[in-house]
Structure formats: C-alpha cells, structure tokens
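Undergrad: Sharing a structure below in structure tokens format, with a few things to ask.
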Amino acid sequence: MSKSERIKGFYTALFRRYGPQGWWPAETQLECILGTILTQNTSWMNVEKALKNLKSKGLTSIEKLSSVPIHILGELIRPSGYFNQKAIKIKNFIKFLNENYDGRLERMFKEDSNKLREKLLGIKGIGPETADSILLYAAKKSIFVVDAYTYRILSRHALIPEDSDYREIQEVFMDILPKDTQLFNEYHALLVKVGKEHCRKKPICEGCPLEYDPHTV
DNA sequence: GACCAGGCACATC
DNA sequence: GATGTGCATGGT
C-alpha cells in the first residue's frame with residue numbers, strides 16, 4: 001500500500017472508530033484562540049479550568065483582555081500551567097490584534113492565510129502549531145495542524161523520517177489530502193484522540209485501530 | 001511519587 | 001544547526 005493510501009486509510013479507520021470530534025470546543029473565535037495558547041503542552045482538562053475562570057470574571061472580549069492587569073490574568077489562568085508565560089503570550093496576541101487590526105478578529109482573518117501565518121509566528125509565544133490551530137479552528141482556513149501525536153503516530157508507522165520537522169510533516173498531509181477545512185479539522189482531532197489512547201510517550205499500541213507495521217516498538 | 005499533557009523561546013555548544 | 005533547559009499545574 002502506498003503512503004498516500006495509508007494516510008487516507010488512517011482517516012477512514014479513525015473516523016469509523018471514533019466518529020466526529022466536534023473541535024474546536026469553544027463558543028467564540030476568541031475563546032478558541034485563548035484555548036490554543038493555554039493548551040500548549042498542557043492537558044485540556046486544565047485548560048478548561050483556566051477558561052472557566054476567565055469567563056467567571058467576564059474576560060471574554062478583546063477590550064477586557066486589553067485592560068486586565070497581567071498579574072490578574074496570570075492568576076486566573078494558573079490551572080493551565082506555565083501561567084506567567086501564557087499571560088504574556090495572551091497579552092502579546094491582544095497587542096498584535098489591537099495594533100494591526102483595530103482589535104477586530106474579522107479584520108485579521110480577512111488576511112491571506114499564508115501572510116497571516118507568518119505574522120502570527122512573529123508574535124512571541126505563538127509557534128507553528130498554535131498559529132496553524134488559530135488558522136484552522138478559529139479562522140476555518142484549510143491548514144493542517146501538526147502536533148506531538150501526529151509526529152509519534154506517523155513516525156512509528158514509518159511514514160516519515162524520525163528527524164522530520166514541522167513543515168515536512170504538514171506537507172505529508174497537505175500534499176495528499178484535498179484542501180478541505182472540515183477534513184483537516186476532524187483528522188487532526190482524531191489523531192489526538194487515538195494518540196491519547198494508544199500512542200503516548202510510552203506506547204500502548206494494543207487495540208490501536210490503525211493497521212500497524214512493526215517498526216520501532 | 002513518577003509521569004505526562006493538543007509547545008515555545010532561549011542559551012549554549 | 002543541533003541539542004538542552006526552563007516554564008508549572010493537575011490527573012492518572
């Protein structure tokens with residue numbers, strides 16, 4: 001079976017096994033963006049606690065997030081871990097939005113997605129996964145999101161070299177699959193789902209719904 | 001108590 | 001350019 005067929009086959013198998021994942025779990029675009037920053041190397045359960053704290057204080061708008069003191073913001077997002085760093089990251093994004101798009105997400109998202117991606121990467125605290133998550137899940141652009149699970153799963157199935165970088169892994173998907181936002185949305189979410197169950201750092205491969213080449217594990 | 005989670009920036013070699 | 005380290009909470 002070709003690499004292309006396997007990449008497509010993974011999606012079919014995962015969707016059949018798990019069904020639609022309903023990402024991104026957020027009520028607004030702004031909440032989605034906050035979630036992409038808060039979930040960096042952090043379990044979603046802890047992110048939910050942080051988001052709940054922000055909502056309880058009414059910090060659900062660009063204006064409120066612009067005016068809240070950074071140490072207050074940090075305390076509210078404490079449960080998500082790295083809270084001092086993440087408070088700075090959120091402030092950096094809000095500043096970027098205010099200075100370049102008059103604080104309006106709809107203006108930011110009118111930008112060409114390749115150009116916007118580069119600008120987002122210029123914000124301190126926004127790396128490739130966070131930028132692509134914002135583009136895919138908040139802006140609904142057809143960009144494939146790569147994360148640690150994506151790397152682990154493809155690597156263990158010998159579909160990418162061990163030393164692949166972010167862009168190379170992203171290209172595997174984007175070269176093979178149709179540019180379909182909803183497909184990219186589900187596929188990434190399904191990789192996270194199956195990764196949590198079967199492809200942790202110390203692998204638990206039993207019962208994995210993906211057919212498997214004995215490779216490294 | 002160890003391990004790990006939907007990363008990223010920065011220092012050092 | 002590659003490799004290592006700090007950031008931090010909370011569940012399993």
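As shown in the structure tokens, the chain order sets the letters A, B, ...; within each chain, residues go from 1, and ligands are also counted from 1 in the order they appear.
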With 8 Å as the limit and counting only C-alpha atoms (C1' of nucleotides), what residues in chain A lie close to chain B? Please list them as a list in words.

TA: Thr39, Gln40, Asn41, Thr42, Ser43, Trp44, Lys124, Gly125, Ile126, Gly127, Glu129, Asp147 and Val192 of chain A

Undergrad: List every residue of segment 8-199 of chain A that DSSP, applied to the backbone, labels as helix (DSSP H, G or I), and write the result as a JSON list (two decimals) with N, CA and C atoms, in the first residue's frame.

TA:
[["chain", "number", "residue", "atom", "x", "y", "z"],
["A", 8, "LYS", "N", -4.71, 8.25, 3.76],
["A", 8, "LYS", "CA", -6.17, 8.33, 3.58],
["A", 8, "LYS", "C", -6.87, 7.23, 4.38],
["A", 9, "GLY", "N", -6.24, 6.04, 4.40],
["A", 9, "GLY", "CA", -6.82, 4.92, 5.14],
["A", 9, "GLY", "C", -6.88, 5.17, 6.63],
["A", 10, "PHE", "N", -5.87, 5.84, 7.16],
["A", 10, "PHE", "CA", -5.88, 6.18, 8.60],
["A", 10, "PHE", "C", -7.12, 6.99, 8.93],
["A", 11, "TYR", "N", -7.39, 7.97, 8.08],
["A", 11, "TYR", "CA", -8.56, 8.82, 8.37],
["A", 11, "TYR", "C", -9.84, 8.00, 8.37],
["A", 12, "THR", "N", -9.99, 7.17, 7.36],
["A", 12, "THR", "CA", -11.18, 6.34, 7.28],
["A", 12, "THR", "C", -11.33, 5.46, 8.52],
["A", 13, "ALA", "N", -10.23, 4.83, 8.92],
["A", 13, "ALA", "CA", -10.27, 3.94, 10.08],
["A", 13, "ALA", "C", -10.59, 4.71, 11.36],
["A", 14, "LEU", "N", -9.99, 5.88, 11.50],
["A", 14, "LEU", "CA", -10.19, 6.66, 12.72],
["A", 14, "LEU", "C", -11.61, 7.20, 12.79],
["A", 15, "PHE", "N", -12.09, 7.70, 11.66],
["A", 15, "PHE", "CA", -13.45, 8.26, 11.67],
["A", 15, "PHE", "C", -14.47, 7.16, 11.94],
["A", 16, "ARG", "N", -14.22, 5.97, 11.35],
["A", 16, "ARG", "CA", -15.14, 4.85, 11.58],
["A", 16, "ARG", "C", -15.13, 4.45, 13.06],
["A", 17, "ARG", "N", -13.96, 4.48, 13.65],
["A", 17, "ARG", "CA", -13.84, 4.05, 15.05],
["A", 17, "ARG", "C", -14.38, 5.09, 16.03],
["A", 18, "TYR", "N", -14.06, 6.37, 15.79],
["A", 18, "TYR", "CA", -14.35, 7.39, 16.81],
["A", 18, "TYR", "C", -15.45, 8.38, 16.43],
["A", 29, "GLN", "N", -14.70, 32.63, 18.57],
["A", 29, "GLN", "CA", -13.36, 32.60, 17.98],
["A", 29, "GLN", "C", -12.30, 33.01, 18.99],
["A", 30, "LEU", "N", -12.62, 34.01, 19.79],
["A", 30, "LEU", "CA", -11.64, 34.48, 20.78],
["A", 30, "LEU", "C", -11.35, 33.38, 21.80],
["A", 31, "GLU", "N", -12.39, 32.71, 22.25],
["A", 31, "GLU", "CA", -12.18, 31.62, 23.21],
["A", 31, "GLU", "C", -11.34, 30.51, 22.59],
["A", 32, "CYS", "N", -11.56, 30.24, 21.31],
["A", 32, "CYS", "CA", -10.76, 29.25, 20.60],
["A", 32, "CYS", "C", -9.29, 29.65, 20.60],
["A", 33, "ILE", "N", -9.01, 30.90, 20.31],
["A", 33, "ILE", "CA", -7.63, 31.37, 20.26],
["A", 33, "ILE", "C", -6.98, 31.29, 21.65],
["A", 34, "LEU", "N", -7.72, 31.69, 22.67],
["A", 34, "LEU", "CA", -7.18, 31.57, 24.03],
["A", 34, "LEU", "C", -6.86, 30.11, 24.34],
["A", 35, "GLY", "N", -7.75, 29.22, 23.90],
["A", 35, "GLY", "CA", -7.52, 27.79, 24.12],
["A", 35, "GLY", "C", -6.27, 27.28, 23.43],
["A", 36, "THR", "N", -5.99, 27.78, 22.22],
["A", 36, "THR", "CA", -4.80, 27.30, 21.51],
["A", 36, "THR", "C", -3.51, 27.67, 22.26],
["A", 37, "ILE", "N", -3.53, 28.81, 22.92],
["A", 37, "ILE", "CA", -2.35, 29.21, 23.70],
["A", 37, "ILE", "C", -2.30, 28.44, 25.02],
["A", 38, "LEU", "N", -3.45, 28.35, 25.68],
["A", 38, "LEU", "CA", -3.46, 27.72, 27.01],
["A", 38, "LEU", "C", -3.15, 26.23, 26.95],
["A", 44, "TRP", "N", -6.10, 19.23, 28.24],
["A", 44, "TRP", "CA", -7.28, 20.08, 28.00],
["A", 44, "TRP", "C", -8.08, 20.30, 29.28],
["A", 45, "MET", "N", -8.07, 19.33, 30.16],
["A", 45, "MET", "CA", -8.80, 19.46, 31.42],
["A", 45, "MET", "C", -8.35, 20.69, 32.20],
["A", 46, "ASN", "N", -7.03, 20.92, 32.22],
["A", 46, "ASN", "CA", -6.52, 22.09, 32.93],
["A", 46, "ASN", "C", -6.86, 23.38, 32.19],
["A", 47, "VAL", "N", -6.91, 23.32, 30.88],
["A", 47, "VAL", "CA", -7.28, 24.50, 30.08],
["A", 47, "VAL", "C", -8.72, 24.90, 30.39],
["A", 48, "GLU", "N", -9.59, 23.91, 30.52],
["A", 48, "GLU", "CA", -10.99, 24.21, 30.82],
["A", 48, "GLU", "C", -11.15, 24.96, 32.13],
["A", 49, "LYS", "N", -10.35, 24.61, 33.11],
["A", 49, "LYS", "CA", -10.41, 25.32, 34.40],
["A", 49, "LYS", "C", -10.01, 26.78, 34.22],
["A", 50, "ALA", "N", -8.97, 26.99, 33.44],
["A", 50, "ALA", "CA", -8.50, 28.37, 33.20],
["A", 50, "ALA", "C", -9.55, 29.17, 32.44],
["A", 51, "LEU", "N", -10.13, 28.58, 31.40],
["A", 51, "LEU", "CA", -11.15, 29.28, 30.62],
["A", 51, "LEU", "C", -12.38, 29.58, 31.46],
["A", 52, "LYS", "N", -12.72, 28.66, 32.35],
["A", 52, "LYS", "CA", -13.86, 28.88, 33.24],
["A", 52, "LYS", "C", -13.61, 30.08, 34.14],
["A", 53, "ASN", "N", -12.38, 30.19, 34.65],
["A", 53, "ASN", "CA", -12.02, 31.35, 35.49],
["A", 53, "ASN", "C", -12.14, 32.66, 34.71],
["A", 54, "LEU", "N", -11.67, 32.66, 33.47],
["A", 54, "LEU", "CA", -11.74, 33.88, 32.66],
["A", 54, "LEU", "C", -13.20, 34.28, 32.42],
["A", 55, "LYS", "N", -14.02, 33.29, 32.11],
["A", 55, "LYS", "CA", -15.44, 33.59, 31.86],
["A", 55, "LYS", "C", -16.11, 34.11, 33.13],
["A", 56, "SER", "N", -15.77, 33.53, 34.27],
["A", 56, "SER", "CA", -16.41, 33.93, 35.53],
["A", 56, "SER", "C", -16.09, 35.38, 35.87],
["A", 62, "ILE", "N", -11.97, 41.27, 23.61],
["A", 62, "ILE", "CA", -10.66, 41.88, 23.36],
["A", 62, "ILE", "C", -10.44, 43.06, 24.31],
["A", 63, "GLU", "N", -11.49, 43.86, 24.49],
["A", 63, "GLU", "CA", -11.36, 45.06, 25.33],
["A", 63, "GLU", "C", -10.99, 44.70, 26.76],
["A", 64, "LYS", "N", -11.71, 43.74, 27.33],
["A", 64, "LYS", "CA", -11.43, 43.34, 28.71],
["A", 64, "LYS", "C", -10.03, 42.74, 28.84],
["A", 65, "LEU", "N", -9.65, 41.94, 27.86],
["A", 65, "LEU", "CA", -8.32, 41.33, 27.92],
["A", 65, "LEU", "C", -7.23, 42.37, 27.70],
["A", 66, "SER", "N", -7.57, 43.46, 27.03],
["A", 66, "SER", "CA", -6.59, 44.53, 26.83],
["A", 66, "SER", "C", -6.33, 45.27, 28.14],
["A", 67, "SER", "N", -7.37, 45.43, 28.94],
["A", 67, "SER", "CA", -7.23, 46.28, 30.13],
["A", 67, "SER", "C", -6.88, 45.51, 31.40],
["A", 70, "ILE", "N", -1.76, 42.17, 33.93],
["A", 70, "ILE", "CA", -1.21, 40.88, 33.54],
["A", 70, "ILE", "C", -1.12, 39.91, 34.72],
["A", 71, "HIS", "N", -0.90, 40.44, 35.92],
["A", 71, "HIS", "CA", -0.79, 39.51, 37.06],
["A", 71, "HIS", "C", -2.15, 38.94, 37.45],
["A", 72, "ILE", "N", -3.20, 39.71, 37.19],
["A", 72, "ILE", "CA", -4.55, 39.19, 37.42],
["A", 72, "ILE", "C", -4.85, 38.09, 36.40],
["A", 73, "LEU", "N", -4.51, 38.39, 35.14],
["A", 73, "LEU", "CA", -4.70, 37.39, 34.08],
["A", 73, "LEU", "C", -3.96, 36.11, 34.44],
["A", 74, "GLY", "N", -2.73, 36.25, 34.89],
["A", 74, "GLY", "CA", -1.92, 35.08, 35.26],
["A", 74, "GLY", "C", -2.57, 34.26, 36.36],
["A", 75, "GLU", "N", -3.10, 34.92, 37.38],
["A", 75, "GLU", "CA", -3.75, 34.17, 38.47],
["A", 75, "GLU", "C", -4.95, 33.38, 37.96],
["A", 76, "LEU", "N", -5.71, 33.99, 37.06],
["A", 76, "LEU", "CA", -6.92, 33.33, 36.57],
["A", 76, "LEU", "C", -6.60, 32.09, 35.72],
["A", 78, "ARG", "N", -3.91, 30.27, 36.05],
["A", 78, "ARG", "CA", -2.95, 29.44, 36.79],
["A", 78, "ARG", "C", -3.16, 27.93, 36.59],
["A", 79, "PRO", "N", -4.40, 27.43, 36.61],
["A", 79, "PRO", "CA", -4.57, 25.97, 36.49],
["A", 79, "PRO", "C", -4.03, 25.39, 35.19],
["A", 80, "SER", "N", -3.84, 26.21, 34.16],
["A", 80, "SER", "CA", -3.37, 25.66, 32.89],
["A", 80, "SER", "C", -1.85, 25.50, 32.85],
["A", 83, "PHE", "N", 1.72, 29.60, 33.82],
["A", 83, "PHE", "CA", 0.74, 30.69, 33.75],
["A", 83, "PHE", "C", 1.37, 32.06, 33.54],
["A", 84, "ASN", "N", 2.59, 32.28, 34.07],
["A", 84, "ASN", "CA", 3.23, 33.57, 33.82],
["A", 84, "ASN", "C", 3.57, 33.74, 32.34],
["A", 85, "GLN", "N", 4.11, 32.68, 31.76],
["A", 85, "GLN", "CA", 4.44, 32.72, 30.33],
["A", 85, "GLN", "C", 3.18, 32.90, 29.48],
["A", 86, "LYS", "N", 2.15, 32.16, 29.82],
["A", 86, "LYS", "CA", 0.94, 32.20, 28.99],
["A", 86, "LYS", "C", 0.22, 33.54, 29.12],
["A", 87, "ALA", "N", 0.30, 34.17, 30.28],
["A", 87, "ALA", "CA", -0.30, 35.50, 30.42],
["A", 87, "ALA", "C", 0.40, 36.48, 29.47],
["A", 88, "ILE", "N", 1.72, 36.38, 29.38],
["A", 88, "ILE", "CA", 2.46, 37.23, 28.44],
["A", 88, "ILE", "C", 2.05, 36.92, 27.00],
["A", 89, "LYS", "N", 1.92, 35.64, 26.69],
["A", 89, "LYS", "CA", 1.56, 35.25, 25.33],
["A", 89, "LYS", "C", 0.20, 35.80, 24.93],
["A", 90, "ILE", "N", -0.76, 35.71, 25.84],
["A", 90, "ILE", "CA", -2.10, 36.23, 25.55],
["A", 90, "ILE", "C", -2.04, 37.74, 25.35],
["A", 91, "LYS", "N", -1.33, 38.41, 26.22],
["A", 91, "LYS", "CA", -1.17, 39.86, 26.07],
["A", 91, "LYS", "C", -0.49, 40.21, 24.75],
["A", 92, "ASN", "N", 0.52, 39.43, 24.36],
["A", 92, "ASN", "CA", 1.21, 39.68, 23.09],
["A", 92, "ASN", "C", 0.25, 39.56, 21.92],
["A", 93, "PHE", "N", -0.61, 38.53, 21.95],
["A", 93, "PHE", "CA", -1.58, 38.37, 20.87],
["A", 93, "PHE", "C", -2.57, 39.53, 20.83],
["A", 94, "ILE", "N", -3.09, 39.91, 21.99],
["A", 94, "ILE", "CA", -4.06, 41.00, 22.05],
["A", 94, "ILE", "C", -3.45, 42.31, 21.53],
["A", 95, "LYS", "N", -2.20, 42.55, 21.91],
["A", 95, "LYS", "CA", -1.50, 43.75, 21.44],
["A", 95, "LYS", "C", -1.36, 43.72, 19.92],
["A", 96, "PHE", "N", -0.99, 42.57, 19.39],
["A", 96, "PHE", "CA", -0.87, 42.39, 17.95],
["A", 96, "PHE", "C", -2.19, 42.70, 17.25],
["A", 97, "LEU", "N", -3.27, 42.18, 17.81],
["A", 97, "LEU", "CA", -4.59, 42.38, 17.21],
["A", 97, "LEU", "C", -5.00, 43.86, 17.27],
["A", 98, "ASN", "N", -4.76, 44.50, 18.40],
["A", 98, "ASN", "CA", -5.12, 45.91, 18.54],
["A", 98, "ASN", "C", -4.31, 46.80, 17.59],
["A", 99, "GLU", "N", -3.01, 46.51, 17.49],
["A", 99, "GLU", "CA", -2.14, 47.39, 16.71],
["A", 99, "GLU", "C", -2.30, 47.20, 15.20],
["A", 100, "ASN", "N", -2.65, 46.00, 14.79],
["A", 100, "ASN", "CA", -2.70, 45.71, 13.34],
["A", 100, "ASN", "C", -4.11, 45.65, 12.76],
["A", 101, "TYR", "N", -5.09, 45.32, 13.58],
["A", 101, "TYR", "CA", -6.44, 45.10, 13.04],
["A", 101, "TYR", "C", -7.51, 45.81, 13.86],
["A", 105, "LEU", "N", -11.10, 40.60, 15.17],
["A", 105, "LEU", "CA", -10.71, 39.31, 14.60],
["A", 105, "LEU", "C", -11.13, 39.18, 13.14],
["A", 106, "GLU", "N", -12.33, 39.69, 12.80],
["A", 106, "GLU", "CA", -12.80, 39.53, 11.42],
["A", 106, "GLU", "C", -11.88, 40.25, 10.43],
["A", 107, "ARG", "N", -11.28, 41.35, 10.88],
["A", 107, "ARG", "CA", -10.30, 42.02, 10.01],
["A", 107, "ARG", "C", -9.04, 41.19, 9.86],
["A", 108, "MET", "N", -8.58, 40.62, 10.98],
["A", 108, "MET", "CA", -7.37, 39.79, 10.92],
["A", 108, "MET", "C", -7.58, 38.61, 9.98],
["A", 113, "SER", "N", -4.06, 33.74, 4.13],
["A", 113, "SER", "CA", -3.69, 32.86, 5.24],
["A", 113, "SER", "C", -2.20, 32.62, 5.34],
["A", 114, "ASN", "N", -1.48, 32.60, 4.22],
["A", 114, "ASN", "CA", -0.03, 32.44, 4.30],
["A", 114, "ASN", "C", 0.64, 33.65, 4.95],
["A", 115, "LYS", "N", 0.15, 34.84, 4.58],
["A", 115, "LYS", "CA", 0.70, 36.06, 5.18],
["A", 115, "LYS", "C", 0.37, 36.13, 6.66],
["A", 116, "LEU", "N", -0.87, 35.77, 6.99],
["A", 116, "LEU", "CA", -1.28, 35.82, 8.40],
["A", 116, "LEU", "C", -0.48, 34.83, 9.23],
["A", 117, "ARG", "N", -0.24, 33.66, 8.65],
["A", 117, "ARG", "CA", 0.56, 32.65, 9.37],
["A", 117, "ARG", "C", 1.92, 33.22, 9.75],
["A", 118, "GLU", "N", 2.57, 33.87, 8.78],
["A", 118, "GLU", "CA", 3.89, 34.45, 9.06],
["A", 118, "GLU", "C", 3.81, 35.53, 10.14],
["A", 119, "LYS", "N", 2.74, 36.33, 10.10],
["A", 119, "LYS", "CA", 2.60, 37.38, 11.12],
["A", 119, "LYS", "C", 2.35, 36.78, 12.50],
["A", 120, "LEU", "N", 1.52, 35.75, 12.54],
["A", 120, "LEU", "CA", 1.26, 35.10, 13.83],
["A", 120, "LEU", "C", 2.54, 34.51, 14.41],
["A", 121, "LEU", "N", 3.35, 33.94, 13.54],
["A", 121, "LEU", "CA", 4.62, 33.35, 14.00],
["A", 121, "LEU", "C", 5.57, 34.41, 14.53],
["A", 128, "PRO", "N", 4.46, 27.27, 15.42],
["A", 128, "PRO", "CA", 3.74, 26.72, 14.26],
["A", 128, "PRO", "C", 2.43, 26.02, 14.62],
["A", 129, "GLU", "N", 2.41, 25.23, 15.68],
["A", 129, "GLU", "CA", 1.17, 24.52, 15.99],
["A", 129, "GLU", "C", 0.07, 25.49, 16.43],
["A", 130, "THR", "N", 0.43, 26.47, 17.24],
["A", 130, "THR", "CA", -0.56, 27.44, 17.71],
["A", 130, "THR", "C", -1.06, 28.30, 16.55],
["A", 131, "ALA", "N", -0.16, 28.75, 15.70],
["A", 131, "ALA", "CA", -0.57, 29.56, 14.54],
["A", 131, "ALA", "C", -1.51, 28.77, 13.65],
["A", 132, "ASP", "N", -1.15, 27.52, 13.36],
["A", 132, "ASP", "CA", -1.99, 26.71, 12.48],
["A", 132, "ASP", "C", -3.32, 26.37, 13.13],
["A", 133, "SER", "N", -3.32, 26.17, 14.44],
["A", 133, "SER", "CA", -4.58, 25.90, 15.14],
["A", 133, "SER", "C", -5.51, 27.10, 15.06],
["A", 134, "ILE", "N", -4.95, 28.29, 15.19],
["A", 134, "ILE", "CA", -5.76, 29.51, 15.06],
["A", 134, "ILE", "C", -6.33, 29.60, 13.65],
["A", 135, "LEU", "N", -5.48, 29.32, 12.65],
["A", 135, "LEU", "CA", -5.94, 29.42, 11.25],
["A", 135, "LEU", "C", -6.99, 28.37, 10.93],
["A", 136, "LEU", "N", -6.80, 27.16, 11.40],
["A", 136, "LEU", "CA", -7.76, 26.09, 11.08],
["A", 136, "LEU", "C", -9.04, 26.21, 11.93],
["A", 137, "TYR", "N", -8.88, 26.30, 13.23],
["A", 137, "TYR", "CA", -10.04, 26.15, 14.11],
["A", 137, "TYR", "C", -10.77, 27.45, 14.42],
["A", 138, "ALA", "N", -10.06, 28.58, 14.40],
["A", 138, "ALA", "CA", -10.76, 29.85, 14.63],
["A", 138, "ALA", "C", -11.13, 30.50, 13.30],
["A", 148, "ALA", "N", 2.47, 16.79, 18.63],
["A", 148, "ALA", "CA", 3.35, 15.70, 19.08],
["A", 148, "ALA", "C", 2.76, 14.33, 18.73],
["A", 149, "TYR", "N", 1.45, 14.18, 18.83],
["A", 149, "TYR", "CA", 0.83, 12.90, 18.47],
["A", 149, "TYR", "C", 0.97, 12.60, 16.99],
["A", 150, "THR", "N", 0.79, 13.63, 16.17],
["A", 150, "THR", "CA", 0.93, 13.46, 14.73],
["A", 150, "THR", "C", 2.32, 12.91, 14.41],
["A", 151, "TYR", "N", 3.32, 13.53, 15.02],
["A", 151, "TYR", "CA", 4.69, 13.08, 14.80],
["A", 151, "TYR", "C", 4.88, 11.63, 15.26],
["A", 152, "ARG", "N", 4.43, 11.33, 16.45],
["A", 152, "ARG", "CA", 4.62, 9.99, 17.02],
["A", 152, "ARG", "C", 3.96, 8.92, 16.17],
["A", 153, "ILE", "N", 2.72, 9.19, 15.77],
["A", 153, "ILE", "CA", 1.95, 8.19, 15.04],
["A", 153, "ILE", "C", 2.58, 7.94, 13.67],
["A", 154, "LEU", "N", 2.89, 9.01, 12.93],
["A", 154, "LEU", "CA", 3.48, 8.83, 11.61],
["A", 154, "LEU", "C", 4.87, 8.21, 11.70],
["A", 155, "SER", "N", 5.61, 8.62, 12.71],
["A", 155, "SER", "CA", 6.96, 8.12, 12.89],
["A", 155, "SER", "C", 6.94, 6.61, 13.20],
["A", 156, "ARG", "N", 6.07, 6.19, 14.10],
["A", 156, "ARG", "CA", 6.02, 4.78, 14.48],
["A", 156, "ARG", "C", 5.48, 3.90, 13.37],
["A", 166, "TYR", "N", 8.44, 20.25, 11.43],
["A", 166, "TYR", "CA", 7.01, 20.55, 11.41],
["A", 166, "TYR", "C", 6.46, 20.65, 9.98],
["A", 167, "ARG", "N", 7.12, 21.45, 9.17],
["A", 167, "ARG", "CA", 6.63, 21.69, 7.81],
["A", 167, "ARG", "C", 6.62, 20.42, 6.96],
["A", 168, "GLU", "N", 7.62, 19.58, 7.15],
["A", 168, "GLU", "CA", 7.67, 18.33, 6.37],
["A", 168, "GLU", "C", 6.50, 17.42, 6.71],
["A", 169, "ILE", "N", 6.17, 17.35, 8.00],
["A", 169, "ILE", "CA", 5.04, 16.51, 8.41],
["A", 169, "ILE", "C", 3.73, 17.10, 7.88],
["A", 170, "GLN", "N", 3.62, 18.42, 7.99],
["A", 170, "GLN", "CA", 2.42, 19.09, 7.48],
["A", 170, "GLN", "C", 2.23, 18.82, 5.99],
["A", 171, "GLU", "N", 3.33, 18.84, 5.25],
["A", 171, "GLU", "CA", 3.25, 18.64, 3.80],
["A", 171, "GLU", "C", 2.78, 17.24, 3.44],
["A", 172, "VAL", "N", 3.13, 16.25, 4.27],
["A", 172, "VAL", "CA", 2.66, 14.89, 4.01],
["A", 172, "VAL", "C", 1.14, 14.90, 3.87],
["A", 173, "PHE", "N", 0.47, 15.55, 4.81],
["A", 173, "PHE", "CA", -0.99, 15.59, 4.78],
["A", 173, "PHE", "C", -1.50, 16.51, 3.67],
["A", 174, "MET", "N", -0.91, 17.68, 3.55],
["A", 174, "MET", "CA", -1.46, 18.68, 2.63],
["A", 174, "MET", "C", -1.17, 18.35, 1.18],
["A", 175, "ASP", "N", -0.14, 17.55, 0.92],
["A", 175, "ASP", "CA", 0.13, 17.12, -0.45],
["A", 175, "ASP", "C", -0.81, 15.99, -0.88],
["A", 176, "ILE", "N", -1.26, 15.20, 0.09],
["A", 176, "ILE", "CA", -2.05, 14.01, -0.23],
["A", 176, "ILE", "C", -3.55, 14.29, -0.17],
["A", 181, "THR", "N", -11.29, 22.15, 4.80],
["A", 181, "THR", "CA", -11.18, 22.59, 6.20],
["A", 181, "THR", "C", -11.79, 21.57, 7.16],
["A", 182, "GLN", "N", -12.97, 21.06, 6.80],
["A", 182, "GLN", "CA", -13.63, 20.13, 7.73],
["A", 182, "GLN", "C", -12.86, 18.82, 7.85],
["A", 183, "LEU", "N", -12.29, 18.37, 6.74],
["A", 183, "LEU", "CA", -11.45, 17.16, 6.78],
["A", 183, "LEU", "C", -10.24, 17.37, 7.68],
["A", 184, "PHE", "N", -9.55, 18.50, 7.50],
["A", 184, "PHE", "CA", -8.37, 18.79, 8.33],
["A", 184, "PHE", "C", -8.75, 18.93, 9.80],
["A", 185, "ASN", "N", -9.89, 19.53, 10.03],
["A", 185, "ASN", "CA", -10.40, 19.69, 11.40],
["A", 185, "ASN", "C", -10.54, 18.32, 12.06],
["A", 186, "GLU", "N", -11.27, 17.42, 11.42],
["A", 186, "GLU", "CA", -11.52, 16.10, 12.01],
["A", 186, "GLU", "C", -10.26, 15.25, 12.10],
["A", 187, "TYR", "N", -9.45, 15.32, 11.06],
["A", 187, "TYR", "CA", -8.28, 14.44, 11.02],
["A", 187, "TYR", "C", -7.33, 14.75, 12.18],
["A", 188, "HIS", "N", -7.04, 16.02, 12.37],
["A", 188, "HIS", "CA", -6.14, 16.38, 13.49],
["A", 188, "HIS", "C", -6.75, 15.97, 14.83],
["A", 189, "ALA", "N", -8.04, 16.25, 14.99],
["A", 189, "ALA", "CA", -8.70, 15.92, 16.26],
["A", 189, "ALA", "C", -8.69, 14.40, 16.49],
["A", 190, "LEU", "N", -8.87, 13.63, 15.41],
["A", 190, "LEU", "CA", -8.87, 12.17, 15.53],
["A", 190, "LEU", "C", -7.48, 11.65, 15.88],
["A", 191, "LEU", "N", -6.42, 12.29, 15.34],
["A", 191, "LEU", "CA", -5.06, 11.88, 15.69],
["A", 191, "LEU", "C", -4.79, 12.11, 17.17],
["A", 192, "VAL", "N", -5.31, 13.22, 17.70],
["A", 192, "VAL", "CA", -5.14, 13.48, 19.14],
["A", 192, "VAL", "C", -5.91, 12.43, 19.94],
["A", 193, "LYS", "N", -7.11, 12.12, 19.48],
["A", 193, "LYS", "CA", -7.94, 11.13, 20.17],
["A", 193, "LYS", "C", -7.25, 9.76, 20.24],
["A", 194, "VAL", "N", -6.79, 9.28, 19.09],
["A", 194, "VAL", "CA", -6.17, 7.94, 19.08],
["A", 194, "VAL", "C", -4.80, 7.99, 19.75],
["A", 195, "GLY", "N", -4.14, 9.13, 19.66],
["A", 195, "GLY", "CA", -2.85, 9.28, 20.32],
["A", 195, "GLY", "C", -2.97, 9.17, 21.82],
["A", 196, "LYS", "N", -3.99, 9.79, 22.38],
["A", 196, "LYS", "CA", -4.20, 9.74, 23.83],
["A", 196, "LYS", "C", -4.43, 8.30, 24.28],
["A", 197, "GLU", "N", -5.13, 7.54, 23.46],
["A", 197, "GLU", "CA", -5.46, 6.17, 23.87],
["A", 197, "GLU", "C", -4.36, 5.16, 23.59],
["A", 198, "HIS", "N", -3.62, 5.37, 22.49],
["A", 198, "HIS", "CA", -2.73, 4.29, 22.03],
["A", 198, "HIS", "C", -1.31, 4.71, 21.71]]

Undergrad: For chain C versus chain A, which residues have an atom no more than 6 Å away, and what is each residue's nearest atom pair and distance in Å rounded to one decimal, using only C-alpha atoms (C1' of nucleotides), chain-then-number order, as CSV?

TA:
residue,atom,partner,partner_atom,distance
C:DC7,C1',A:Tyr82,CA,5.3
C:DA8,C1',A:Gly81,CA,4.4
C:DT9,C1',A:Gly81,CA,4.3

Undergrad: In Å, how far is it from atom CA of Leu210 of chain A to atom CA of Asp165 of chain A?

TA: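 Taking atom CA of Leu210 of chain A as the start and atom CA of Asp165 of chain A as the end point, the length is 22.9 Å.
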
Undergrad: Using atom CA of Val145 of chain A and atom CA of Pro209 of chain A as the two end points, give the distance in Å to one decimal.

TA: 21.1 Å

Undergrad: From the options A:Lys57, A:Ser4, A:Asp163, A:Thr28, which residue's atoms come nearest to DA2 of chain C, counting only C-alpha atoms (C1' of nucleotides)?

TA: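 The shortest atom-to-atom distance to DA2 of chain C comes from A:Asp163.
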
Undergrad: At what distance in Å, to one decimal, does atom C1' of DG10 of chain C lie from atom CA of Gly58 of chain A?

TA: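 About the pair atom CA of Gly58 of chain A and atom C1' of DG10 of chain C: they are 24.1 Å apart.
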